[in-house]
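Data file: protein.pdb. Format and content: PDB, C-alpha atoms and all ligand atoms.
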```pdb
ATOM      1  CA  MET Q  20      -3.751  40.781   2.068  1.00  0.00           C
ATOM      2  CA  GLU Q  21      -5.397  43.937   3.490  1.00  0.00           C
ATOM      3  CA  PHE Q  22      -8.521  43.182   1.445  1.00  0.00           C
ATOM      4  CA  LEU Q  23      -8.615  39.615   2.795  1.00  0.00           C
ATOM      5  CA  LEU Q  24      -8.498  40.925   6.347  1.00  0.00           C
ATOM      6  CA  ASN Q  25     -11.373  43.354   5.897  1.00  0.00           C
ATOM      7  CA  GLY Q  26     -14.122  42.517   8.438  1.00  0.00           C
ATOM      8  CA  TYR Q  27     -16.908  42.075   5.850  1.00  0.00           C
ATOM      9  CA  THR Q  28     -14.734  40.090   3.453  1.00  0.00           C
ATOM     10  CA  THR Q  29     -13.819  37.617   6.200  1.00  0.00           C
ATOM     11  CA  TYR Q  30     -17.522  37.174   7.081  1.00  0.00           C
ATOM     12  CA  ILE Q  31     -18.337  36.319   3.470  1.00  0.00           C
ATOM     13  CA  LEU Q  32     -15.348  33.960   3.165  1.00  0.00           C
ATOM     14  CA  VAL Q  33     -16.368  32.112   6.354  1.00  0.00           C
ATOM     15  CA  LEU Q  34     -19.915  31.748   4.991  1.00  0.00           C
ATOM     16  CA  ILE Q  35     -18.687  30.412   1.618  1.00  0.00           C
ATOM     17  CA  ALA Q  36     -16.411  27.910   3.389  1.00  0.00           C
ATOM     18  CA  LEU Q  37     -19.271  26.781   5.651  1.00  0.00           C
ATOM     19  CA  VAL Q  38     -21.539  26.179   2.646  1.00  0.00           C
ATOM     20  CA  PHE Q  39     -18.731  24.195   0.955  1.00  0.00           C
ATOM     21  CA  SER Q  40     -18.288  22.183   4.148  1.00  0.00           C
ATOM     22  CA  LEU Q  41     -22.033  21.404   4.338  1.00  0.00           C
ATOM     23  CA  TYR Q  42     -21.955  20.294   0.713  1.00  0.00           C
ATOM     24  CA  ALA Q  43     -18.876  18.097   1.299  1.00  0.00           C
ATOM     25  CA  SER Q  44     -20.497  16.407   4.266  1.00  0.00           C
ATOM     26  CA  PHE Q  45     -23.742  15.824   2.334  1.00  0.00           C
ATOM     27  CA  ASN Q  46     -21.718  14.561  -0.644  1.00  0.00           C
ATOM     28  CA  VAL Q  47     -19.637  12.033   1.326  1.00  0.00           C
ATOM     29  CA  ASN Q  48     -22.768  10.575   2.898  1.00  0.00           C
ATOM     30  CA  SER Q  49     -24.680  10.280  -0.378  1.00  0.00           C
ATOM     31  CA  THR Q  50     -21.651   8.944  -2.303  1.00  0.00           C
ATOM     32  CA  PHE Q  51     -20.911   6.356   0.376  1.00  0.00           C
ATOM     33  CA  LYS Q  52     -24.593   5.357   0.467  1.00  0.00           C
ATOM     34  CA  LYS Q  53     -24.574   4.925  -3.320  1.00  0.00           C
ATOM     35  CA  TYR Q  54     -21.441   2.753  -3.449  1.00  0.00           C
ATOM     36  CA  SER Q  55     -22.477   0.810  -0.360  1.00  0.00           C
ATOM     37  CA  SER Q  56     -25.060  -0.902  -2.511  1.00  0.00           C
ATOM     38  CA  VAL Q  57     -22.701  -1.654  -5.421  1.00  0.00           C
ATOM     39  CA  TYR Q  58     -21.201  -5.046  -4.606  1.00  0.00           C
ATOM     40  CA  SER Q  59     -17.815  -6.356  -5.711  1.00  0.00           C
ATOM     41  CA  SER Q  60     -17.876  -9.375  -8.017  1.00  0.00           C
ATOM     42  CA  ARG Q  61     -15.182 -11.138  -5.965  1.00  0.00           C
ATOM     43  CA  GLY Q  62     -17.512 -11.096  -2.959  1.00  0.00           C
ATOM     44  CA  HIS Q  63     -14.959 -10.657  -0.184  1.00  0.00           C
ATOM     45  CA  THR Q  64     -15.866  -8.484   2.802  1.00  0.00           C
ATOM     46  CA  ALA Q  65     -14.101  -5.214   3.583  1.00  0.00           C
ATOM     47  CA  ALA Q  66     -12.571  -6.799   6.717  1.00  0.00           C
ATOM     48  CA  GLN Q  67     -11.201  -9.727   4.659  1.00  0.00           C
ATOM     49  CA  ILE Q  68      -9.733  -7.312   2.115  1.00  0.00           C
ATOM     50  CA  ALA Q  69      -8.122  -5.249   4.896  1.00  0.00           C
ATOM     51  CA  ARG Q  70      -6.533  -8.453   6.278  1.00  0.00           C
ATOM     52  CA  GLN Q  71      -5.306  -9.415   2.811  1.00  0.00           C
ATOM     53  CA  ILE Q  72      -3.664  -6.018   2.180  1.00  0.00           C
ATOM     54  CA  LEU Q  73      -2.124  -5.943   5.681  1.00  0.00           C
ATOM     55  CA  ASP Q  74      -0.675  -9.432   5.218  1.00  0.00           C
ATOM     56  CA  SER Q  75       0.680  -8.623   1.758  1.00  0.00           C
ATOM     57  CA  ASN Q  76       2.595  -5.768   3.424  1.00  0.00           C
ATOM     58  CA  GLY Q  77       3.870  -7.994   6.218  1.00  0.00           C
ATOM     59  CA  LEU Q  78       1.722  -6.203   8.822  1.00  0.00           C
ATOM     60  CA  TYR Q  79       0.566  -9.375  10.596  1.00  0.00           C
ATOM     61  CA  ASP Q  80       0.552  -7.679  14.033  1.00  0.00           C
ATOM     62  CA  ILE Q  81      -2.211  -5.228  13.143  1.00  0.00           C
ATOM     63  CA  ASP Q  82      -5.721  -6.365  14.110  1.00  0.00           C
ATOM     64  CA  ILE Q  83      -9.018  -5.485  12.526  1.00  0.00           C
ATOM     65  CA  VAL Q  84     -11.879  -4.673  14.888  1.00  0.00           C
ATOM     66  CA  HIS Q  85     -15.487  -3.635  14.574  1.00  0.00           C
ATOM     67  CA  VAL Q  86     -16.683  -0.187  15.796  1.00  0.00           C
ATOM     68  CA  ASN Q  87     -20.140   1.349  16.014  1.00  0.00           C
ATOM     69  CA  GLY Q  88     -21.275   4.379  14.056  1.00  0.00           C
ATOM     70  CA  ASN Q  89     -21.368   5.569  10.470  1.00  0.00           C
ATOM     71  CA  LEU Q  90     -18.059   6.497   8.748  1.00  0.00           C
ATOM     72  CA  THR Q  91     -16.204   6.098  12.071  1.00  0.00           C
ATOM     73  CA  ASP Q  92     -13.532   3.937  10.398  1.00  0.00           C
ATOM     74  CA  HIS Q  93      -9.966   4.731  11.419  1.00  0.00           C
ATOM     75  CA  TYR Q  94      -6.506   3.363  12.120  1.00  0.00           C
ATOM     76  CA  ASP Q  95      -5.276   3.541  15.720  1.00  0.00           C
ATOM     77  CA  PRO Q  96      -1.443   3.533  15.593  1.00  0.00           C
ATOM     78  CA  LYS Q  97      -1.057   3.135  19.384  1.00  0.00           C
ATOM     79  CA  ARG Q  98      -3.256   0.052  19.698  1.00  0.00           C
ATOM     80  CA  LYS Q  99      -2.286  -1.116  16.193  1.00  0.00           C
ATOM     81  CA  ILE Q 100      -5.863  -1.749  15.159  1.00  0.00           C
ATOM     82  CA  ILE Q 101      -7.868  -0.976  12.074  1.00  0.00           C
ATOM     83  CA  ALA Q 102     -11.371  -0.080  13.254  1.00  0.00           C
ATOM     84  CA  LEU Q 103     -14.081  -0.661  10.662  1.00  0.00           C
ATOM     85  CA  SER Q 104     -17.649   0.563  11.202  1.00  0.00           C
ATOM     86  CA  SER Q 105     -20.835  -1.526  11.052  1.00  0.00           C
ATOM     87  CA  THR Q 106     -21.603  -0.433   7.476  1.00  0.00           C
ATOM     88  CA  VAL Q 107     -18.076  -1.374   6.330  1.00  0.00           C
ATOM     89  CA  TYR Q 108     -16.812  -4.417   8.268  1.00  0.00           C
ATOM     90  CA  ASP Q 109     -18.999  -7.193   6.827  1.00  0.00           C
ATOM     91  CA  SER Q 110     -19.893  -5.435   3.599  1.00  0.00           C
ATOM     92  CA  THR Q 111     -18.762  -6.636   0.168  1.00  0.00           C
ATOM     93  CA  SER Q 112     -19.593  -3.250  -1.416  1.00  0.00           C
ATOM     94  CA  VAL Q 113     -17.031  -1.298  -3.437  1.00  0.00           C
ATOM     95  CA  GLY Q 114     -17.542   1.700  -1.101  1.00  0.00           C
ATOM     96  CA  ALA Q 115     -16.767  -0.361   2.012  1.00  0.00           C
ATOM     97  CA  ILE Q 116     -13.719  -1.981   0.371  1.00  0.00           C
ATOM     98  CA  GLY Q 117     -12.445   1.478  -0.620  1.00  0.00           C
ATOM     99  CA  VAL Q 118     -12.774   2.708   2.976  1.00  0.00           C
ATOM    100  CA  ALA Q 119     -11.094  -0.413   4.433  1.00  0.00           C
ATOM    101  CA  ALA Q 120      -8.188  -0.188   1.954  1.00  0.00           C
ATOM    102  CA  HIS Q 121      -7.798   3.514   2.838  1.00  0.00           C
ATOM    103  CA  GLU Q 122      -7.471   2.751   6.558  1.00  0.00           C
ATOM    104  CA  VAL Q 123      -4.876   0.075   5.762  1.00  0.00           C
ATOM    105  CA  GLY Q 124      -3.135   2.813   3.756  1.00  0.00           C
ATOM    106  CA  HIS Q 125      -2.671   4.721   7.035  1.00  0.00           C
ATOM    107  CA  ALA Q 126      -1.215   1.638   8.736  1.00  0.00           C
ATOM    108  CA  ILE Q 127       1.274   1.293   5.852  1.00  0.00           C
ATOM    109  CA  GLN Q 128       2.193   5.003   6.171  1.00  0.00           C
ATOM    110  CA  TYR Q 129       3.164   4.432   9.817  1.00  0.00           C
ATOM    111  CA  ALA Q 130       5.010   1.216   8.997  1.00  0.00           C
ATOM    112  CA  LYS Q 131       7.008   2.868   6.202  1.00  0.00           C
ATOM    113  CA  GLY Q 132       7.709   6.093   8.140  1.00  0.00           C
ATOM    114  CA  TYR Q 133       5.839   8.329   5.693  1.00  0.00           C
ATOM    115  CA  ILE Q 134       7.146  11.839   6.550  1.00  0.00           C
ATOM    116  CA  PRO Q 135       3.868  13.874   6.562  1.00  0.00           C
ATOM    117  CA  ILE Q 136       2.309  11.463   9.080  1.00  0.00           C
ATOM    118  CA  LYS Q 137       5.352  11.932  11.341  1.00  0.00           C
ATOM    119  CA  ILE Q 138       4.986  15.731  11.143  1.00  0.00           C
ATOM    120  CA  ARG Q 139       1.255  15.310  11.855  1.00  0.00           C
ATOM    121  CA  MET Q 140       2.078  13.282  14.985  1.00  0.00           C
ATOM    122  CA  LEU Q 141       4.445  16.051  16.156  1.00  0.00           C
ATOM    123  CA  ILE Q 142       1.825  18.792  15.721  1.00  0.00           C
ATOM    124  CA  LEU Q 143      -1.016  16.710  17.217  1.00  0.00           C
ATOM    125  CA  PRO Q 144      -0.426  17.522  20.943  1.00  0.00           C
ATOM    126  CA  VAL Q 145      -0.152  21.271  20.227  1.00  0.00           C
ATOM    127  CA  ALA Q 146      -3.290  21.164  18.075  1.00  0.00           C
ATOM    128  CA  GLN Q 147      -5.192  19.191  20.749  1.00  0.00           C
ATOM    129  CA  PHE Q 148      -4.063  21.603  23.474  1.00  0.00           C
ATOM    130  CA  GLY Q 149      -4.877  24.573  21.237  1.00  0.00           C
ATOM    131  CA  SER Q 150      -8.367  23.331  20.389  1.00  0.00           C
ATOM    132  CA  ARG Q 151      -9.205  23.186  24.108  1.00  0.00           C
ATOM    133  CA  ILE Q 152      -8.003  26.633  25.173  1.00  0.00           C
ATOM    134  CA  TRP Q 153      -7.599  28.994  22.203  1.00  0.00           C
ATOM    135  CA  ILE Q 154     -11.158  30.361  22.468  1.00  0.00           C
ATOM    136  CA  PHE Q 155     -10.830  31.196  26.191  1.00  0.00           C
ATOM    137  CA  LEU Q 156      -7.556  33.064  25.682  1.00  0.00           C
ATOM    138  CA  PHE Q 157      -8.952  34.868  22.669  1.00  0.00           C
ATOM    139  CA  ILE Q 158     -12.169  35.995  24.437  1.00  0.00           C
ATOM    140  CA  LEU Q 159     -10.385  36.932  27.675  1.00  0.00           C
ATOM    141  CA  GLY Q 160      -7.903  38.922  25.602  1.00  0.00           C
ATOM    142  CA  LEU Q 161     -10.739  40.827  23.921  1.00  0.00           C
ATOM    143  CA  LEU Q 162     -12.756  41.373  27.130  1.00  0.00           C
ATOM    144  CA  PHE Q 163      -9.861  42.690  29.182  1.00  0.00           C
ATOM    145  CA  SER Q 164      -8.016  44.387  26.298  1.00  0.00           C
ATOM    146  CA  LEU Q 165      -4.989  42.130  26.651  1.00  0.00           C
ATOM    147  CA  PRO Q 166      -3.572  41.865  23.104  1.00  0.00           C
ATOM    148  CA  LEU Q 167      -0.928  39.321  24.114  1.00  0.00           C
ATOM    149  CA  LEU Q 168      -3.527  36.859  25.425  1.00  0.00           C
ATOM    150  CA  ARG Q 169      -5.657  37.398  22.337  1.00  0.00           C
ATOM    151  CA  ASP Q 170      -2.655  36.786  20.058  1.00  0.00           C
ATOM    152  CA  ILE Q 171      -1.655  33.581  21.869  1.00  0.00           C
ATOM    153  CA  GLY Q 172      -5.247  32.413  21.302  1.00  0.00           C
ATOM    154  CA  ILE Q 173      -4.882  33.132  17.590  1.00  0.00           C
ATOM    155  CA  ILE Q 174      -1.475  31.392  17.392  1.00  0.00           C
ATOM    156  CA  LEU Q 175      -2.949  28.273  19.024  1.00  0.00           C
ATOM    157  CA  PHE Q 176      -5.795  28.367  16.526  1.00  0.00           C
ATOM    158  CA  ALA Q 177      -3.177  28.611  13.752  1.00  0.00           C
ATOM    159  CA  ALA Q 178      -1.641  25.379  15.096  1.00  0.00           C
ATOM    160  CA  ILE Q 179      -4.999  23.669  14.524  1.00  0.00           C
ATOM    161  CA  VAL Q 180      -5.007  25.014  10.952  1.00  0.00           C
ATOM    162  CA  LEU Q 181      -1.469  23.695  10.436  1.00  0.00           C
ATOM    163  CA  PHE Q 182      -2.554  20.274  11.688  1.00  0.00           C
ATOM    164  CA  GLN Q 183      -5.461  20.244   9.226  1.00  0.00           C
ATOM    165  CA  LEU Q 184      -3.099  21.311   6.439  1.00  0.00           C
ATOM    166  CA  ILE Q 185      -0.656  18.437   7.033  1.00  0.00           C
ATOM    167  CA  THR Q 186      -3.661  16.073   7.250  1.00  0.00           C
ATOM    168  CA  LEU Q 187      -4.354  16.647   3.542  1.00  0.00           C
ATOM    169  CA  PRO Q 188      -1.275  14.888   2.055  1.00  0.00           C
ATOM    170  CA  VAL Q 189      -1.750  12.101   4.629  1.00  0.00           C
ATOM    171  CA  GLU Q 190      -5.348  11.515   3.527  1.00  0.00           C
ATOM    172  CA  PHE Q 191      -4.702  11.828  -0.216  1.00  0.00           C
ATOM    173  CA  ASN Q 192      -1.706   9.486   0.039  1.00  0.00           C
ATOM    174  CA  ALA Q 193      -3.700   6.840   1.973  1.00  0.00           C
ATOM    175  CA  SER Q 194      -6.386   6.930  -0.722  1.00  0.00           C
ATOM    176  CA  ASN Q 195      -3.841   6.713  -3.552  1.00  0.00           C
ATOM    177  CA  ARG Q 196      -2.216   3.698  -1.888  1.00  0.00           C
ATOM    178  CA  ALA Q 197      -5.666   2.139  -1.463  1.00  0.00           C
ATOM    179  CA  ILE Q 198      -6.666   2.510  -5.117  1.00  0.00           C
ATOM    180  CA  LYS Q 199      -3.275   1.288  -6.399  1.00  0.00           C
ATOM    181  CA  THR Q 200      -3.479  -1.816  -4.195  1.00  0.00           C
ATOM    182  CA  ILE Q 201      -7.114  -2.469  -5.132  1.00  0.00           C
ATOM    183  CA  GLU Q 202      -6.067  -2.455  -8.805  1.00  0.00           C
ATOM    184  CA  SER Q 203      -2.724  -4.267  -8.526  1.00  0.00           C
ATOM    185  CA  GLN Q 204      -4.059  -7.062  -6.302  1.00  0.00           C
ATOM    186  CA  GLY Q 205      -7.152  -7.442  -8.502  1.00  0.00           C
ATOM    187  CA  ILE Q 206      -9.455  -6.789  -5.549  1.00  0.00           C
ATOM    188  CA  LEU Q 207     -11.934  -4.830  -7.688  1.00  0.00           C
ATOM    189  CA  TYR Q 208     -12.464  -4.815 -11.440  1.00  0.00           C
ATOM    190  CA  GLY Q 209     -13.137  -2.010 -13.978  1.00  0.00           C
ATOM    191  CA  GLU Q 210     -16.161   0.031 -12.939  1.00  0.00           C
ATOM    192  CA  GLU Q 211     -15.888  -1.249  -9.366  1.00  0.00           C
ATOM    193  CA  VAL Q 212     -12.581   0.615  -8.948  1.00  0.00           C
ATOM    194  CA  LYS Q 213     -14.307   3.845 -10.043  1.00  0.00           C
ATOM    195  CA  GLY Q 214     -16.871   3.428  -7.262  1.00  0.00           C
ATOM    196  CA  ALA Q 215     -14.183   2.979  -4.627  1.00  0.00           C
ATOM    197  CA  ARG Q 216     -12.264   5.955  -6.011  1.00  0.00           C
ATOM    198  CA  LYS Q 217     -15.353   8.219  -5.962  1.00  0.00           C
ATOM    199  CA  THR Q 218     -16.087   7.217  -2.361  1.00  0.00           C
ATOM    200  CA  LEU Q 219     -12.542   8.099  -1.286  1.00  0.00           C
ATOM    201  CA  SER Q 220     -12.528  11.375  -3.265  1.00  0.00           C
ATOM    202  CA  ALA Q 221     -15.749  12.436  -1.525  1.00  0.00           C
ATOM    203  CA  ALA Q 222     -14.163  11.641   1.848  1.00  0.00           C
ATOM    204  CA  ALA Q 223     -11.029  13.628   0.945  1.00  0.00           C
ATOM    205  CA  MET Q 224     -13.174  16.633   0.046  1.00  0.00           C
ATOM    206  CA  THR Q 225     -14.442  16.853   3.655  1.00  0.00           C
ATOM    207  CA  TYR Q 226     -10.833  17.381   4.827  1.00  0.00           C
ATOM    208  CA  VAL Q 227     -10.327  20.115   2.230  1.00  0.00           C
ATOM    209  CA  ALA Q 228     -13.592  21.756   3.365  1.00  0.00           C
ATOM    210  CA  ALA Q 229     -12.630  21.574   7.053  1.00  0.00           C
ATOM    211  CA  LEU Q 230      -9.317  23.267   6.215  1.00  0.00           C
ATOM    212  CA  ALA Q 231     -11.116  25.970   4.196  1.00  0.00           C
ATOM    213  CA  VAL Q 232     -13.429  26.709   7.148  1.00  0.00           C
ATOM    214  CA  SER Q 233     -10.476  26.953   9.541  1.00  0.00           C
ATOM    215  CA  ILE Q 234      -8.409  29.191   7.250  1.00  0.00           C
ATOM    216  CA  THR Q 235     -11.309  31.623   6.809  1.00  0.00           C
ATOM    217  CA  GLN Q 236     -11.907  31.583  10.581  1.00  0.00           C
ATOM    218  CA  LEU Q 237      -8.230  32.334  11.127  1.00  0.00           C
ATOM    219  CA  LEU Q 238      -8.477  35.315   8.740  1.00  0.00           C
ATOM    220  CA  ARG Q 239     -11.546  36.444  10.672  1.00  0.00           C
ATOM    221  CA  LEU Q 240      -9.667  36.215  13.989  1.00  0.00           C
ATOM    222  CA  ILE Q 241      -6.729  38.170  12.573  1.00  0.00           C
ATOM    223  CA  SER Q 242      -9.123  40.811  11.192  1.00  0.00           C
ATOM    224  CA  THR Q 243     -10.373  41.519  14.746  1.00  0.00           C
ATOM    225  CA  THR Q 244      -6.836  42.572  15.716  1.00  0.00           C
ATOM    226  CA  ARG Q 245      -6.888  45.261  12.991  1.00  0.00           C
ATOM    227  CA  ARG Q 246      -9.843  47.153  14.526  1.00  0.00           C
ATOM    228  CA  ARG Q 247      -9.311  50.393  16.357  1.00  0.00           C
TER     229      ARG Q 247
HETATM  230 ZN    ZN Y   1      -7.870   8.670   6.396  1.00  0.00          ZN
END
```
Kindly return the structure encoded in the file as C-alpha cells.
Amino acid sequence: MEFLLNGYTTYILVLIALVFSLYASFNVNSTFKKYSSVYSSRGHTAAQIARQILDSNGLYDIDIVHVNGNLTDHYDPKRKIIALSSTVYDSTSVGAIGVAAHEVGHAIQYAKGYIPIKIRMLILPVAQFGSRIWIFLFILGLLFSLPLLRDIGIILFAAIVLFQLITLPVEFNASNRAIKTIESQGILYGEEVKGARKTLSAAAMTYVAALAVSITQLLRLISTTRRR
C-alpha cells in the first residue's frame, strides 16, 4: 500500500489509466462504426426490437424516443423512456440492435428490482453532489492548510469512485440480458450475435477504464496527504 501511495507511482498509474481510457474510447467508436454497417438478416430496426423486447417483458408503459448525438442512448427511469440516438433508432445494424437491447436491459433491471441498480440510485445524489464540490474543498484545504477540508474533498471523490464501481455490474448485467434475449427471441442469428456482443463489450470497457482513471486519481489524492 505504501508503494502505491508514493507520489511518482501514482503519477505513472494515472498516466497508464488515462492511456487505457483513451484506447477504450477509440475502441468503442471504431467497434460501433464497424457493426453499424453489418445489417441483421431479419431487417427490423433497433427501435422495433426495443419495443418487441419491452412488450415481451410486459413493459408496455415504457416509450421509445429519438435523441440527438452519437452513443447518447440511455434509459431514463423517471420519465420511463428509452432514448435511442440517430445512429441507432432507425438502424437495422447488429451494433444498433445490441445497443437498443442493452438499454431495454436497464429498463428490465428497474422493473425487476435488480439490487445493484438500487444501490446505484442511493449513491447517485452523493456522487452528483461530490462531483460538483470535491475539488473546491480539496484545493481550499491545501491552500489554507486545513486537513479536514482536504479530507472531506477526498471522501466525496471516493463516493464518485464508489458510484463508478457499482455501475460496472449494472452495465455488464444489462449487456448479458441483451445478448440472452437477442439469442432466445431469435432477433439475430449466428455471426450477427457476435457483432452485437463485441459492440457491447467495447462499451463496457469504457466503464472499466473510467473506474481505473478514478481509482488512480483517488490514490494520487491520498498520496498528497502523506507529504510533509
Ligand atoms: Zn448501460
Can you list what the PyMOL selection byres (((not hetatm)) within 10 of (chain Y and resi 1)) grabs from this structure, as a PDB file with C-alpha atoms, keeping the file's coordinate frame?
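After the write, part-v3.pdb holds the following:
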```pdb
ATOM      1  CA  ASP Q  92     -13.532   3.937  10.398  1.00  0.00           C
ATOM      2  CA  HIS Q  93      -9.966   4.731  11.419  1.00  0.00           C
ATOM      3  CA  TYR Q  94      -6.506   3.363  12.120  1.00  0.00           C
ATOM      4  CA  VAL Q 118     -12.774   2.708   2.976  1.00  0.00           C
ATOM      5  CA  ALA Q 119     -11.094  -0.413   4.433  1.00  0.00           C
ATOM      6  CA  ALA Q 120      -8.188  -0.188   1.954  1.00  0.00           C
ATOM      7  CA  HIS Q 121      -7.798   3.514   2.838  1.00  0.00           C
ATOM      8  CA  GLU Q 122      -7.471   2.751   6.558  1.00  0.00           C
ATOM      9  CA  VAL Q 123      -4.876   0.075   5.762  1.00  0.00           C
ATOM     10  CA  GLY Q 124      -3.135   2.813   3.756  1.00  0.00           C
ATOM     11  CA  HIS Q 125      -2.671   4.721   7.035  1.00  0.00           C
ATOM     12  CA  ALA Q 126      -1.215   1.638   8.736  1.00  0.00           C
ATOM     13  CA  THR Q 186      -3.661  16.073   7.250  1.00  0.00           C
ATOM     14  CA  LEU Q 187      -4.354  16.647   3.542  1.00  0.00           C
ATOM     15  CA  VAL Q 189      -1.750  12.101   4.629  1.00  0.00           C
ATOM     16  CA  GLU Q 190      -5.348  11.515   3.527  1.00  0.00           C
ATOM     17  CA  PHE Q 191      -4.702  11.828  -0.216  1.00  0.00           C
ATOM     18  CA  ASN Q 192      -1.706   9.486   0.039  1.00  0.00           C
ATOM     19  CA  ALA Q 193      -3.700   6.840   1.973  1.00  0.00           C
ATOM     20  CA  SER Q 194      -6.386   6.930  -0.722  1.00  0.00           C
ATOM     21  CA  LEU Q 219     -12.542   8.099  -1.286  1.00  0.00           C
ATOM     22  CA  ALA Q 222     -14.163  11.641   1.848  1.00  0.00           C
ATOM     23  CA  ALA Q 223     -11.029  13.628   0.945  1.00  0.00           C
ATOM     24  CA  TYR Q 226     -10.833  17.381   4.827  1.00  0.00           C
TER      25      TYR Q 226
END
```
Please evaluate the PyMOL selection byres (((chain Q and resi 90) around 9) and not hetatm) against the displayed coordinates and give the resulting residues as a compact mmCIF listing (two decimals) with C-alpha atoms, keeping the file's coordinate frame.
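Result went into expr.txt, see below:
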```
# COMPACT_ATOMS: atom_id res chain seq x y z
CA ASN Q 48 -22.77 10.58 2.90
CA PHE Q 51 -20.91 6.36 0.38
CA GLY Q 88 -21.28 4.38 14.06
CA ASN Q 89 -21.37 5.57 10.47
CA THR Q 91 -16.20 6.10 12.07
CA ASP Q 92 -13.53 3.94 10.40
CA HIS Q 93 -9.97 4.73 11.42
CA LEU Q 103 -14.08 -0.66 10.66
CA SER Q 104 -17.65 0.56 11.20
CA SER Q 105 -20.84 -1.53 11.05
CA THR Q 106 -21.60 -0.43 7.48
CA VAL Q 107 -18.08 -1.37 6.33
CA VAL Q 118 -12.77 2.71 2.98
```
May I have a table of the residues of region 109-211 of chain Q lying at most 12 Å from region 233-238 of chain Q, giving each one's closest pair of atoms and their distance in Å to one decimal, counting all atoms listed in the file, ordered by chain and ascending residue number, as a tab-separated table?
```
residue	atom	partner	partner_atom	distance
Q:Ser150	CA	Q:Ser233	CA	11.6
Q:Trp153	CA	Q:Leu237	CA	11.6
Q:Ile154	CA	Q:Leu237	CA	11.9
Q:Phe157	CA	Q:Leu237	CA	11.8
Q:Asp170	CA	Q:Leu237	CA	11.4
Q:Gly172	CA	Q:Leu237	CA	10.6
Q:Ile173	CA	Q:Leu237	CA	7.3
Q:Ile174	CA	Q:Leu237	CA	9.3
Q:Leu175	CA	Q:Leu237	CA	10.3
Q:Phe176	CA	Q:Leu237	CA	7.1
Q:Ala177	CA	Q:Leu237	CA	6.8
Q:Ala178	CA	Q:Leu237	CA	10.4
Q:Ile179	CA	Q:Ser233	CA	8.1
Q:Val180	CA	Q:Ser233	CA	6.0
Q:Leu181	CA	Q:Ile234	CA	9.4
Q:Phe182	CA	Q:Ser233	CA	10.6
Q:Gln183	CA	Q:Ser233	CA	8.4
Q:Leu184	CA	Q:Ile234	CA	9.5
```
**OP:** For the structure provided, state which residues fall under the PyMOL selection byres (((chain Q and resi 63) around 12) and not hetatm), and present them as a list in words.
**Re:** Tyr58, Ser59, Ser60, Arg61, Gly62, Thr64, Ala65, Ala66, Gln67, Ile68, Ala69, Arg70, Gln71, Val107, Tyr108, Asp109, Ser110, Thr111, Ser112, Val113, Ala115, Ile116, Ala119, Gly205, Ile206 and Leu207 of chain Q
Subject >> CA of Phe163 (chain Q) to CA of Thr243 (chain Q), distance in Å rounded to a single decimal >> reply: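 Computed distance, CA of Phe163 (chain Q) to CA of Thr243 (chain Q), equals 14.5 Å.
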Original post:
Any idea what's packed within 9 Å of Ile136 (chain Q), counting only C-alpha atoms, ignoring anything in its chain fewer than 3 positions away? Could you give it as a list of chain:residue names?
Top reply: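 Near neighbours after the sequence-gap exclusion: Q:His125, Q:Gln128, Q:Tyr129, Q:Gly132, Q:Tyr133, Q:Arg139, Q:Met140, Q:Leu141, Q:Ile185, Q:Thr186, Q:Pro188, Q:Val189.
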Original post:
Expressed in Å to a single decimal, how great is the separation between CA of Glu210 (chain Q) and CA of Asn76 (chain Q)?
Top reply: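 These atoms are spaced 25.6 Å apart.
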**OP:** To one decimal in Å, tell me the separation between CA of Ile241 (chain Q) and CA of Leu24 (chain Q).
**Re:** 7.0 Å
Original post:
Which residue gives the smallest distance to Thr225 (chain Q) among Q:Leu23, Q:Leu32, Q:Ala43, Q:Ile83, with all atoms listed in the file counted?
Top reply: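 Selected residue with least distance to Thr225 (chain Q): Q:Ala43.
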Original post:
For Tyr54 (chain Q), which residue out of Q:Gly114, Q:Ser203, Q:Leu230, Q:Ile134 is the nearest one, using only C-alpha atoms?
Top reply: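 Comparing Q:Gly114, Q:Ser203, Q:Leu230, Q:Ile134 against Tyr54 (chain Q), the winner is Q:Gly114.
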**OP:** Tell me, as a PyMOL selection string, which residues lie within 8 Å of Val212 (chain Q), counting all atoms listed in the file; anything in the same chain fewer than 3 positions away does not count.
**Re:** chain Q and resi 113+198+201-202+207-209+215-216
Completion step: region 237-245 of chain Q with N, CA and C atoms as an mmCIF file, keeping the file's coordinate frame:
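Written out: part.cif:
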```cif
data_model
loop_
_atom_site.group_PDB
_atom_site.id
_atom_site.type_symbol
_atom_site.label_atom_id
_atom_site.label_comp_id
_atom_site.auth_asym_id
_atom_site.auth_seq_id
_atom_site.Cartn_x
_atom_site.Cartn_y
_atom_site.Cartn_z
ATOM 1 N N LEU Q 237 -9.498 31.734 10.695
ATOM 2 C CA LEU Q 237 -8.230 32.334 11.127
ATOM 3 C C LEU Q 237 -8.124 33.768 10.605
ATOM 4 N N LEU Q 238 -8.492 33.966 9.320
ATOM 5 C CA LEU Q 238 -8.477 35.315 8.740
ATOM 6 C C LEU Q 238 -9.406 36.229 9.535
ATOM 7 N N ARG Q 239 -10.542 35.671 9.909
ATOM 8 C CA ARG Q 239 -11.546 36.444 10.672
ATOM 9 C C ARG Q 239 -10.966 36.844 12.040
ATOM 10 N N LEU Q 240 -10.277 35.914 12.690
ATOM 11 C CA LEU Q 240 -9.667 36.215 13.989
ATOM 12 C C LEU Q 240 -8.615 37.315 13.841
ATOM 13 N N ILE Q 241 -7.782 37.171 12.783
ATOM 14 C CA ILE Q 241 -6.729 38.170 12.573
ATOM 15 C C ILE Q 241 -7.356 39.536 12.280
ATOM 16 N N SER Q 242 -8.482 39.538 11.541
ATOM 17 C CA SER Q 242 -9.123 40.811 11.192
ATOM 18 C C SER Q 242 -9.578 41.555 12.446
ATOM 19 N N THR Q 243 -9.917 40.838 13.521
ATOM 20 C CA THR Q 243 -10.373 41.519 14.746
ATOM 21 C C THR Q 243 -9.228 42.296 15.406
ATOM 22 N N THR Q 244 -7.975 41.881 15.102
ATOM 23 C CA THR Q 244 -6.836 42.572 15.716
ATOM 24 C C THR Q 244 -6.553 43.904 14.987
ATOM 25 N N ARG Q 245 -7.148 44.051 13.790
ATOM 26 C CA ARG Q 245 -6.888 45.261 12.991
ATOM 27 C C ARG Q 245 -7.822 46.423 13.372
#
```
